[in-house]
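Asker: The structure under discussion is supplied below as structure tokens; questions concerning it will follow.
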Amino acid sequence: MNETGLSEEEIRSILNDSKAQDLTYERVLSSMCTYPHKIAVEAHMQFIESNMGDFGLFRGTYDLEKKVLSALGELLHETNIVGYMTTGGTESNIQAIRSMRNIFLQQHKSQDSLLEDQNFERPNLVVPDSAHFSFDKVSDILDVELRKASLDKDLKVSVESVGSLIDQNTIGLVAIAGSTEFGQVDPIKELSDIALENNIFLHVDAAFGGFVLPFMEKSYDFDFKLPGVTSIAIDPHKMGLSTIPSGALLFRDSHQFESLRADTPYLTVSTQYTLTGTRSGAAVAATYAVMNFLGKEGYRETVSRCMELTDYLLDKLAEMDVYPLIEPVMNVIALEVPECDLVRSRLAKEFNWQVSITQNPHGLRLVIMPHVSFEMIDSFVVDLKKVLDSLE
Ligand code: 0PR
């Protein structure tokens with residue numbers, strides 16, 4: 001750090017240089033984030049100093065958080081939920097599984113006697129093979145064994161595979177409503193039945209799909225409507241058009257939420273359920289603002305436009321004999337393309353396009369977010385064709 005500070009102009013000039021090096025979303029087809037809505041940005045700035053880690057000081061923002069959670073509960077078919085606004089899908093997933101693990105350990109007496117018990121094995125969690133890498137972090141942080149269930153031909157988790165991985169140390173199951181790589185929705189109704197039969201928790205990772213599925217023409221069973229679903233992660237900072245960091249974690253049962261309680265004796269509030277201490281009230285206000293500004297109708301329009309663009313792109317690709325690995329369910333496309341890694345790097349190097357890849361099966365991955373336009377797709381398709389033609 002400098003001994004004396006720089007001038008405002010100097011700082012602005014440095015920041016402008018840095019900002020100029022950031023990409024704009026103009027040629028980004030790899031991201032699950034987008035430009036936040038103008039009303040969200042405005043609210044974010046207005047509440048910039050608000051700290052939800054000590055919400056006794058910020059009663060107004062706390063009230064907005066309660067309203068956001070209740071609107072999300074209503075959207076996900078359970079008005080009586082408990083939860084909080086997180087920093088995003090990763091924190092929501094960590095906290096959901098932490099509550100499962102805490103309750104599992106409480107039920108199995110004290111940890112010490114468990115460790116002495118020769119028959120005790122590590123708690124395990126059954127997740128789809130397509131689960132986001134945040135679950136690898138979950139496994140590491142919480143010392144929970146991750147059991148990855150295989151996928152069927154549609155890249156949904158196989159219900160049989162999930163069933164075969166459950167044993168007496170299984171703390172719960174994870175289902176995905178909008179998988180990161182394929183945008184696929186797992187057979188959550190069947191998983192809900194399995195969770196109820198085995199008396200274990202079922203967490204639904206709807207970090208991406210949570211702001212897509214409720215606004216699609218076709219209806220999907222993925223939320224609290226299903227009796228076995230015990231918690232849901234949903235991210236306003238993805239398809240919710242809010243600012244970063246906006247995630248939300250909702251529990252059906254307050255018992256699960258209670259298992260996350262920490263005492264905070266010297267704050268304005270005496271308990272905390274969150275992973276972070278200091279927490280952005282700006283993101284809460286931004287989410288409240290955009291959800292209330294757009295309403296269901298606004299999100300329906302956003303999703304319908306993204307799906308129109310997705311279909312448009314698929315038609316153009318079909319003309320070039322390029323096809324998706326699965327029929328896209330939402331605005332995520334995984335394409336069967338030869339030499340995906342090379343195609344990806346050449347699209348970036350020669351044409352500035354940012355695309356991504358899928359692992360298993362290997363494919364080229366495109367996310368059609370609200371910043372995408374028809375013109376953008378037209379020029380992307382021309383460049384992709386040039387790259388593919390030159391491979392032959
Ligand atoms: N669950 C699912 C299904 C996700 O897709 C993601 C992130 C998470 C959880 C974790 O959410 P946070 O990143 O909010 O903690 N999905 C995107 C991904 O990993 C996140 C992303 C967004 C990546 C924008 C790149 C990017 O430019 O691909």
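Chain labels follow the order of the structure tokens: the first chain is A, the next B, and so on; residue numbering restarts at 1 in every chain, and ligands are counted from 1 in their shown order.
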Enumerate as a CSV table (one decimal) with N, CA, C and O atoms, in the first residue's frame all residues of segment 173-247 of chain A assigned to strand (DSSP E) by DSSP on the backbone, naming them with the chain letters and numbers the document uses.
Answerer:
chain,number,residue,atom,x,y,z
A,173,LEU,N,-30.1,-37.3,0.0
A,173,LEU,CA,-29.9,-37.3,-1.5
A,173,LEU,C,-29.9,-35.9,-2.0
A,173,LEU,O,-30.5,-35.0,-1.4
A,174,VAL,N,-29.3,-35.8,-3.2
A,174,VAL,CA,-29.3,-34.5,-3.9
A,174,VAL,C,-29.9,-34.7,-5.2
A,174,VAL,O,-29.6,-35.7,-5.9
A,175,ALA,N,-30.8,-33.8,-5.6
A,175,ALA,CA,-31.4,-33.9,-7.0
A,175,ALA,C,-31.1,-32.5,-7.6
A,175,ALA,O,-30.9,-31.5,-6.9
A,176,ILE,N,-31.0,-32.5,-8.9
A,176,ILE,CA,-30.7,-31.2,-9.6
A,176,ILE,C,-31.8,-30.8,-10.5
A,176,ILE,O,-32.3,-31.6,-11.4
A,201,PHE,N,-33.1,-37.1,4.0
A,201,PHE,CA,-33.4,-35.7,3.5
A,201,PHE,C,-33.2,-35.7,1.9
A,201,PHE,O,-32.4,-36.5,1.4
A,202,LEU,N,-33.8,-34.8,1.3
A,202,LEU,CA,-33.6,-34.6,-0.2
A,202,LEU,C,-33.5,-33.1,-0.4
A,202,LEU,O,-34.4,-32.3,-0.3
A,203,HIS,N,-32.2,-32.8,-0.8
A,203,HIS,CA,-31.9,-31.4,-1.2
A,203,HIS,C,-32.0,-31.2,-2.7
A,203,HIS,O,-31.4,-32.0,-3.4
A,204,VAL,N,-32.7,-30.2,-3.2
A,204,VAL,CA,-32.8,-29.9,-4.6
A,204,VAL,C,-31.9,-28.7,-4.9
A,204,VAL,O,-32.1,-27.6,-4.4
A,205,ASP,N,-31.0,-28.9,-5.8
A,205,ASP,CA,-30.1,-27.8,-6.3
A,205,ASP,C,-30.8,-27.2,-7.5
A,205,ASP,O,-30.6,-27.7,-8.6
A,206,ALA,N,-31.5,-26.1,-7.2
A,206,ALA,CA,-32.2,-25.4,-8.3
A,206,ALA,C,-31.5,-24.0,-8.4
A,206,ALA,O,-32.2,-23.0,-8.8
A,231,SER,N,-35.2,-29.4,1.2
A,231,SER,CA,-34.5,-28.1,1.1
A,231,SER,C,-34.3,-27.8,-0.4
A,231,SER,O,-34.2,-28.7,-1.2
A,232,ILE,N,-34.2,-26.5,-0.7
A,232,ILE,CA,-33.9,-26.1,-2.1
A,232,ILE,C,-33.0,-24.9,-2.1
A,232,ILE,O,-33.0,-24.0,-1.3
A,233,ALA,N,-32.0,-25.0,-3.1
A,233,ALA,CA,-31.1,-23.9,-3.3
A,233,ALA,C,-31.6,-23.2,-4.6
A,233,ALA,O,-31.8,-23.9,-5.6
A,234,ILE,N,-31.7,-21.9,-4.6
A,234,ILE,CA,-32.2,-21.1,-5.8
A,234,ILE,C,-31.4,-19.8,-5.8
A,234,ILE,O,-31.3,-19.1,-4.8
A,247,GLY,N,-27.9,-15.5,-3.4
A,247,GLY,CA,-28.4,-16.9,-3.4
A,247,GLY,C,-29.5,-17.0,-2.4
A,247,GLY,O,-29.7,-16.1,-1.5
Asker: Residues of segment 53-117 of chain A that have any atom at most 8 Å from an atom of segment 250-268 of chain A: could you tabulate them with the shortest-distance atom pair and the distance in Å to one decimal, using only C-alpha atoms, ordered by chain and increasing number, as a tab-separated table?
Answerer:
residue	atom	partner	partner_atom	distance
A:Asp54	CA	A:Thr268	CA	6.2
A:Phe55	CA	A:Thr268	CA	7.2
A:Gly56	CA	A:Thr268	CA	5.0
A:Leu57	CA	A:Thr268	CA	7.1
A:Leu69	CA	A:Leu250	CA	7.7
A:Gly73	CA	A:Leu250	CA	7.4
A:Glu78	CA	A:Arg252	CA	7.4
A:Asn80	CA	A:Arg252	CA	7.0
A:Ile81	CA	A:Arg252	CA	5.0
A:Val82	CA	A:Phe251	CA	5.3
A:Gly83	CA	A:Leu250	CA	4.5
A:Tyr84	CA	A:Leu250	CA	6.9
A:Gln95	CA	A:Leu260	CA	7.7
A:Arg98	CA	A:Leu260	CA	7.5
A:Ser99	CA	A:Ser259	CA	5.6
A:Met100	CA	A:Gln256	CA	7.2
A:Asn102	CA	A:Ser259	CA	6.3
A:Ile103	CA	A:Ser259	CA	6.7
Asker: Could you pull out the residues sitting within 7 Å of ligand 1, using only C-alpha atoms and all ligand atoms, and write them as a count of residues only?
Answerer: 22
Asker: Just how far from atom CA of Pro328 of chain A is atom CA of Lys225 of chain A, in Å to one decimal?
Answerer: 23.8 Å
Asker: Which of these residues is nearest to Gly298 of chain A, using only C-alpha atoms: A:Phe133, A:Tyr25, A:Phe215, A:Phe182?
Answerer: A:Phe215
Asker: Find the residues around segment 270-287 of chain A up to 6 Å (only C-alpha atoms counted), leave out those fewer than 4 positions away in its own chain, and share them as a PyMOL selection string.
Answerer: chain A and resi 40+43-44+47-48+50-53+65+242-243+246+260-265+291
Asker: Counting only C-alpha atoms, which residues of segment 6-50 of chain A fall within 12 Å of segment 334-350 of chain A, and what is the closest atom pair for each with its distance in Å at one decimal, ordered by chain and rising number, as CSV?
Answerer:
residue,atom,partner,partner_atom,distance
A:Leu23,CA,A:Ala348,CA,11.8
A:Arg27,CA,A:Ala348,CA,9.3
A:Val28,CA,A:Ala348,CA,9.8
A:Leu29,CA,A:Ala348,CA,10.9
A:Ser30,CA,A:Arg344,CA,10.4
Asker: Tell me which protein, DNA and RNA residues are within 6 Å of Val157 of chain A, counting only C-alpha atoms, leaving out same-chain ones fewer than 4 positions away, and put them as a ChimeraX atom specification.
Answerer: /A:128,150-151,186
Asker: Would you save the residues from that selection as a compact mmCIF listing (two decimals), in the first residue's frame, using N, CA and C atoms?
Answerer:
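The resulting part_21.txt:
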# COMPACT_ATOMS: atom_id res chain seq x y z
N PRO A 128 -26.13 -36.90 -7.93
CA PRO A 128 -26.01 -37.29 -9.34
C PRO A 128 -24.58 -37.05 -9.83
N SER A 150 -24.97 -42.79 -11.26
CA SER A 150 -24.77 -42.64 -12.70
C SER A 150 -25.99 -42.00 -13.36
N LEU A 151 -25.79 -41.55 -14.60
CA LEU A 151 -26.86 -40.88 -15.33
C LEU A 151 -27.43 -41.83 -16.37
N ASP A 186 -33.52 -33.75 -12.94
CA ASP A 186 -33.55 -35.15 -12.49
C ASP A 186 -35.00 -35.61 -12.23
Asker: Select, from A:Leu6, A:Val372, A:Ala248, A:Leu125, the residue with the minimum atom-to-atom distance to Gln168 of chain A, counting only C-alpha atoms.
Answerer: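 Among A:Leu6, A:Val372, A:Ala248, A:Leu125, it is A:Leu125 that comes nearest to Gln168 of chain A.
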Asker: What's the 7 Å shell around segment 218-221 of chain A, counting only C-alpha atoms, without same-chain residues fewer than 3 positions away, as a ChimeraX atom specification?
Answerer: /A:188-189,213
Asker: Which residue, A:Ser192, A:Asp389, A:Phe351, A:Ile141, has the smallest gap to Met320 of chain A when you use only C-alpha atoms?
Answerer: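 That would be A:Asp389, the residue with the smallest distance to Met320 of chain A.
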